[in-house]
Amino acid sequence: MALWGGRFASGPAEAMAALSASTHFDWRLAPYDIAGSRAHARVLHTAGLLTDSELEDMLAALDRLAEDVASGAFTPTIADEDVHTALERGLLERAGADLGGKLRAGRSRNDQVATLFRMWLRDAARRIVAGTLGVIDALVEQARRYPDAVLPGRTHLQHAQPVLLAHHLLAHAQSLLRDIGRLRDWDERTDESPYGSGALAGSSLGLDPDAVAAELGFATSVENSIDGTASRDFAAEFAFALAMLGVNLSRIAEEVIIWNTAEFGYVTLDDAWATGSSIMPQKKNPDVAELTRGKSGRLVGNLTGLLATLKAQPLAYNRDLQEDKEPVFDSVEQLELLFPAIAGMLGTLTFHTERLAELAPAGFTLATDIAEWLVRQGVPFRVAHEAAGECVRLAEGRAAGLDELTDDELAKIHPALTPQVREVLTVGGSVASRNARGGTAPERVAEQRERLVARLAEH
Ligand code: ARG
């Protein structure tokens, strides 16, 4: 039953109705729609448009409708264009057409849907934050489990400088913490209710939008009814926050995939978080990580698709806006599937610390330490860099490590290169020396971990 029969001589064509229908995805807004209806009934009553007993009957009918929606006794039919239409039918069935028909005064599906979508997303944001915290916890747990393990830190995927494994894992945790911060900031901006904006111009019936806003958990109502019904930057920004989160998870996943290869041999996956091959009996595949990487592409697509939908829409509401919900719902759903799996996979990784330690100095990762040691002896960095580079060339030429160069060889490269330089030619010495705030020295990393844990407790 459509909400707009009056001026039409016939009902919609079947294909028109099929194109138009959205209950297969917007039905999840039903509890929010009913909450909006309760608040709207109260402002109609305050404005003198419902009597005391009408309000009472209306709220009772809405309660029965909410119960029937929750139990599945009331569901949308193909004839219901959208969630709002279906629930109006449900209300008329329960409250009677005379009373039920009063609720539509002073509101439009345009301000309803803009409000309900925000409410749904704000609740989803809380679930996404909780899921992200689960992944951060897994990283922090591993950092705690391996407080002294080292590995070759990389730039350009090449061995660069040794770092603590815990430092590397916490780097990922830091980016996820910012993803949470982004959702918090977003929530503050989204804390305005469009209810009362009507179709676009606002309400003439003396209804108080702020009273509705307060009842629906918003700090305030929107400043501008056109903006309230037409804007969807809240949805795009939310989709971005989730896409960024997906990309950050994907970068972790990509590393797990590489670390799990025979060539790297950094980690072993727990059996519960790996899969086999239907033909190759020996295979143990990192599917959780690959699906994480794959789904991040989908999240990026959801964001760009939504932006493309919004682009070039004139103010105010256009039906194109019905396309705003599925991509964002999908991003939430995919992340909710991912969180427990990626947290499970990360939390149960076994790191092969001996192999990591063996690789940490490989590829002359201590060359920078030679250069910086020389700087501490008063040698200009330009000269020190050259000298350390010569050490690398010499060692590489005879397939030796930097620590295997003789005292004579060192002295010949630069007179300041005394045997004392050997104190920085160990991975432990190198890591310990990077002890400024933010560095990879064990005590700095332990502090970083503690501060991070303290910040987690704020959420
Ligand atoms: N279902 C629509 C949406 O999601 C809301 C209905 C507005 N329809 C209208 N013809 N004004 O955007």
# chains A, B, ... in the order shown; residues from 1 in each chain; ligands from 1
>>> residues_near_ligand(ligand="ligand 1", cutoff="7 Å", atoms="only C-alpha atoms and all ligand atoms", output="ChimeraX atom specification")
/A:22,82,109-110,113,317,319,321-322
>>> residues_around(residues="region 246-253 of chain A", least_positions_apart="4", cutoff="12 Å", atoms="only C-alpha atoms", output="PyMOL selection string")
chain A and resi 128+131-132+135-136+139+168-180+239-242+257-260+286-303+331-332+334-336+338-339+341-343+345-346
>>> write_last_selection(atoms="C-alpha atoms", output="short mmCIF file (atom, residue, chain, number, x, y, z; two decimals), in the first residue's frame")
data_model
loop_
_atom_site.label_atom_id
_atom_site.label_comp_id
_atom_site.auth_asym_id
_atom_site.auth_seq_id
_atom_site.Cartn_x
_atom_site.Cartn_y
_atom_site.Cartn_z
CA ILE A 128 33.04 -1.28 14.74
CA GLY A 131 35.70 -4.99 16.88
CA THR A 132 38.72 -2.80 16.19
CA VAL A 135 42.23 -6.55 16.86
CA ILE A 136 44.33 -4.02 18.77
CA LEU A 139 48.46 -7.01 18.60
CA HIS A 168 56.40 -3.16 14.54
CA LEU A 169 53.20 -4.73 15.88
CA LEU A 170 52.35 -1.62 17.88
CA ALA A 171 52.80 0.50 14.75
CA HIS A 172 49.79 -1.31 13.34
CA ALA A 173 47.94 -0.83 16.63
CA GLN A 174 48.57 2.93 16.45
CA SER A 175 46.92 3.22 13.04
CA LEU A 176 43.92 1.21 14.22
CA LEU A 177 43.62 3.49 17.23
CA ARG A 178 43.39 6.46 14.85
CA ASP A 179 40.64 4.64 12.96
CA ILE A 180 38.72 4.50 16.22
CA ALA A 239 32.31 4.81 4.59
CA PHE A 240 35.72 6.45 4.41
CA ALA A 241 36.47 5.69 8.07
CA LEU A 242 35.60 2.03 7.40
CA ILE A 257 50.88 -13.37 4.09
CA ILE A 258 54.52 -12.53 3.36
CA TRP A 259 55.74 -13.57 6.80
CA ASN A 260 54.03 -16.92 6.34
CA PRO A 286 46.57 -17.72 5.10
CA ASP A 287 42.98 -17.25 3.91
CA VAL A 288 41.96 -15.00 6.79
CA ALA A 289 44.66 -12.55 5.78
CA GLU A 290 43.80 -12.85 2.10
CA LEU A 291 40.09 -12.27 2.71
CA THR A 292 41.00 -9.26 4.81
CA ARG A 293 43.06 -7.90 1.94
CA GLY A 294 40.29 -8.74 -0.51
CA LYS A 295 37.49 -7.23 1.50
CA SER A 296 39.41 -4.00 1.93
CA GLY A 297 39.04 -3.53 -1.83
CA ARG A 298 35.32 -3.97 -1.43
CA LEU A 299 35.22 -1.34 1.31
CA VAL A 300 37.09 1.11 -0.92
CA GLY A 301 34.55 0.34 -3.66
CA ASN A 302 31.67 1.02 -1.30
CA LEU A 303 33.12 4.44 -0.53
CA SER A 331 31.05 -2.26 4.76
CA VAL A 332 29.78 -2.76 8.30
CA GLN A 334 32.12 -7.27 6.06
CA LEU A 335 34.08 -5.77 8.93
CA GLU A 336 31.95 -7.55 11.48
CA LEU A 338 36.46 -9.96 9.65
CA PHE A 339 37.11 -8.71 13.18
CA ALA A 341 38.81 -13.85 12.41
CA ILE A 342 41.67 -11.40 12.07
CA ALA A 343 41.93 -10.98 15.84
CA MET A 345 44.60 -15.19 13.50
CA LEU A 346 46.87 -12.43 14.85
#
>>> select_by_dssp(residues="region 34-188 of chain A", states="helix (DSSP H, G or I)", output="VMD selection string")
chain A and resid 34 to 46 52 to 71 83 to 95 97 to 100 109 to 145 165 to 188
>>> residues_around(residues="region 5-14 of chain A", least_positions_apart="6", cutoff="12 Å", atoms="only C-alpha atoms", output="ChimeraX atom specification")
/A:20-21,78-81
>>> residues_around(residues="Ala416 (chain A)", least_positions_apart="2", cutoff="12 Å", atoms="only C-alpha atoms", output="ChimeraX atom specification")
/A:370-371,373-380,383-384,387-388,407-414,418-421
>>> closest_residue(among="A:Val129, A:Val267, A:Ala362, A:Val69", to="Thr348 (chain A)", atoms="only C-alpha atoms")
A:Val267
>>> closest_residue(among="A:His459, A:Leu49, A:Gly438, A:Gly344", to="Glu141 (chain A)", atoms="only C-alpha atoms")
A:Gly344
>>> residues_around(residues="Ala39 (chain A)", least_positions_apart="6", cutoff="10 Å", atoms="only C-alpha atoms", output="PDB file with C-alpha atoms, in the first residue's frame")
ATOM      1  CA  ASP A  33      11.729   3.994  12.504  1.00  0.00           C
ATOM      2  CA  HIS A  45       0.758  15.630  21.380  1.00  0.00           C
ATOM      3  CA  LEU A  59       2.210   4.525  21.755  1.00  0.00           C
ATOM      4  CA  TYR A 195      13.705  14.806  12.066  1.00  0.00           C
ATOM      5  CA  PRO A 209      12.642  19.072  16.369  1.00  0.00           C
ATOM      6  CA  ALA A 211      12.481  17.274  21.523  1.00  0.00           C
ATOM      7  CA  VAL A 212      12.539  14.529  18.892  1.00  0.00           C
ATOM      8  CA  ALA A 213      16.331  14.812  18.649  1.00  0.00           C
ATOM      9  CA  ALA A 214      16.740  14.400  22.401  1.00  0.00           C
ATOM     10  CA  GLU A 215      14.473  11.362  22.506  1.00  0.00           C
ATOM     11  CA  LEU A 216      16.409   9.728  19.668  1.00  0.00           C
TER      12      LEU A 216
END
>>> atom_distance(atom1="CA of His40 (chain A)", atom2="CA of Glu223 (chain A)")
18.4 Å
>>> select_by_dssp(residues="region 112-278 of chain A", states="strand (DSSP E or B)", output="PyMOL selection string")
chain A and resi 150-155+158-164+192-193+220-221+267-268+275
>>> atom_distance(atom1="CA of Thr115 (chain A)", atom2="CA of Ser193 (chain A)")
5.7 Å
>>> residues_around(residues="Ala70 (chain A)", least_positions_apart="3", cutoff="12 Å", atoms="only C-alpha atoms", output="list in words")
Trp27, Arg28, Leu29, Ala30, Pro31, Tyr32, Ile34, Asp63, Arg64, Leu65, Ala66, Glu67, Ala73, Phe74 and Thr75 of chain A
>>> closest_residue(among="A:Leu366, A:Arg449, A:Ala166, A:Asp187", to="Glu423 (chain A)", atoms="only C-alpha atoms")
A:Leu366
>>> closest_residue(among="A:Ala199, A:Leu205, A:Ala149, A:Ala114", to="Ala235 (chain A)", atoms="only C-alpha atoms")
A:Ala114
>>> residues_around(residues="Phe264 (chain A)", least_positions_apart="5", cutoff="12 Å", atoms="only C-alpha atoms", output="PDB file with N, CA and C atoms, in the first residue's frame")
ATOM      1  N   LEU A 151      63.558  -7.965  14.567  1.00  0.00           N
ATOM      2  CA  LEU A 151      63.427  -8.405  13.177  1.00  0.00           C
ATOM      3  C   LEU A 151      64.019  -7.326  12.299  1.00  0.00           C
ATOM      4  N   PRO A 152      64.301  -7.665  11.056  1.00  0.00           N
ATOM      5  CA  PRO A 152      64.812  -6.615  10.175  1.00  0.00           C
ATOM      6  C   PRO A 152      63.680  -5.660   9.816  1.00  0.00           C
ATOM      7  N   LEU A 157      60.627  -2.665   1.242  1.00  0.00           N
ATOM      8  CA  LEU A 157      60.651  -4.112   1.480  1.00  0.00           C
ATOM      9  C   LEU A 157      62.075  -4.664   1.602  1.00  0.00           C
ATOM     10  N   GLU A 255      51.282  -8.318   5.393  1.00  0.00           N
ATOM     11  CA  GLU A 255      52.528  -8.715   6.060  1.00  0.00           C
ATOM     12  C   GLU A 255      52.440 -10.152   6.559  1.00  0.00           C
ATOM     13  N   VAL A 256      51.298 -10.516   7.108  1.00  0.00           N
ATOM     14  CA  VAL A 256      51.151 -11.901   7.590  1.00  0.00           C
ATOM     15  C   VAL A 256      51.333 -12.865   6.411  1.00  0.00           C
ATOM     16  N   ILE A 257      50.770 -12.503   5.276  1.00  0.00           N
ATOM     17  CA  ILE A 257      50.881 -13.368   4.090  1.00  0.00           C
ATOM     18  C   ILE A 257      52.356 -13.548   3.703  1.00  0.00           C
ATOM     19  N   ILE A 258      53.094 -12.445   3.711  1.00  0.00           N
ATOM     20  CA  ILE A 258      54.518 -12.529   3.356  1.00  0.00           C
ATOM     21  C   ILE A 258      55.289 -13.283   4.440  1.00  0.00           C
ATOM     22  N   TRP A 259      55.011 -12.939   5.686  1.00  0.00           N
ATOM     23  CA  TRP A 259      55.745 -13.571   6.804  1.00  0.00           C
ATOM     24  C   TRP A 259      55.532 -15.085   6.817  1.00  0.00           C
ATOM     25  N   PHE A 351      55.586 -16.547  16.353  1.00  0.00           N
ATOM     26  CA  PHE A 351      56.712 -15.889  15.678  1.00  0.00           C
ATOM     27  C   PHE A 351      57.979 -16.702  15.906  1.00  0.00           C
ATOM     28  N   HIS A 352      58.753 -16.910  14.880  1.00  0.00           N
ATOM     29  CA  HIS A 352      60.002 -17.662  14.997  1.00  0.00           C
ATOM     30  C   HIS A 352      61.124 -16.691  15.326  1.00  0.00           C
ATOM     31  N   ARG A 355      64.802 -17.165  14.016  1.00  0.00           N
ATOM     32  CA  ARG A 355      64.992 -16.808  12.602  1.00  0.00           C
ATOM     33  C   ARG A 355      64.960 -15.284  12.440  1.00  0.00           C
ATOM     34  N   LEU A 356      64.053 -14.640  13.129  1.00  0.00           N
ATOM     35  CA  LEU A 356      63.965 -13.178  13.058  1.00  0.00           C
ATOM     36  C   LEU A 356      65.276 -12.544  13.525  1.00  0.00           C
ATOM     37  N   GLU A 358      68.198 -13.895  13.507  1.00  0.00           N
ATOM     38  CA  GLU A 358      69.266 -14.193  12.554  1.00  0.00           C
ATOM     39  C   GLU A 358      69.193 -13.229  11.366  1.00  0.00           C
ATOM     40  N   LEU A 359      67.967 -12.917  10.953  1.00  0.00           N
ATOM     41  CA  LEU A 359      67.802 -12.048   9.786  1.00  0.00           C
ATOM     42  C   LEU A 359      67.998 -10.568  10.119  1.00  0.00           C
ATOM     43  N   ALA A 360      67.831 -10.227  11.396  1.00  0.00           N
ATOM     44  CA  ALA A 360      67.813  -8.798  11.758  1.00  0.00           C
ATOM     45  C   ALA A 360      69.048  -8.033  11.290  1.00  0.00           C
TER      46      ALA A 360
END
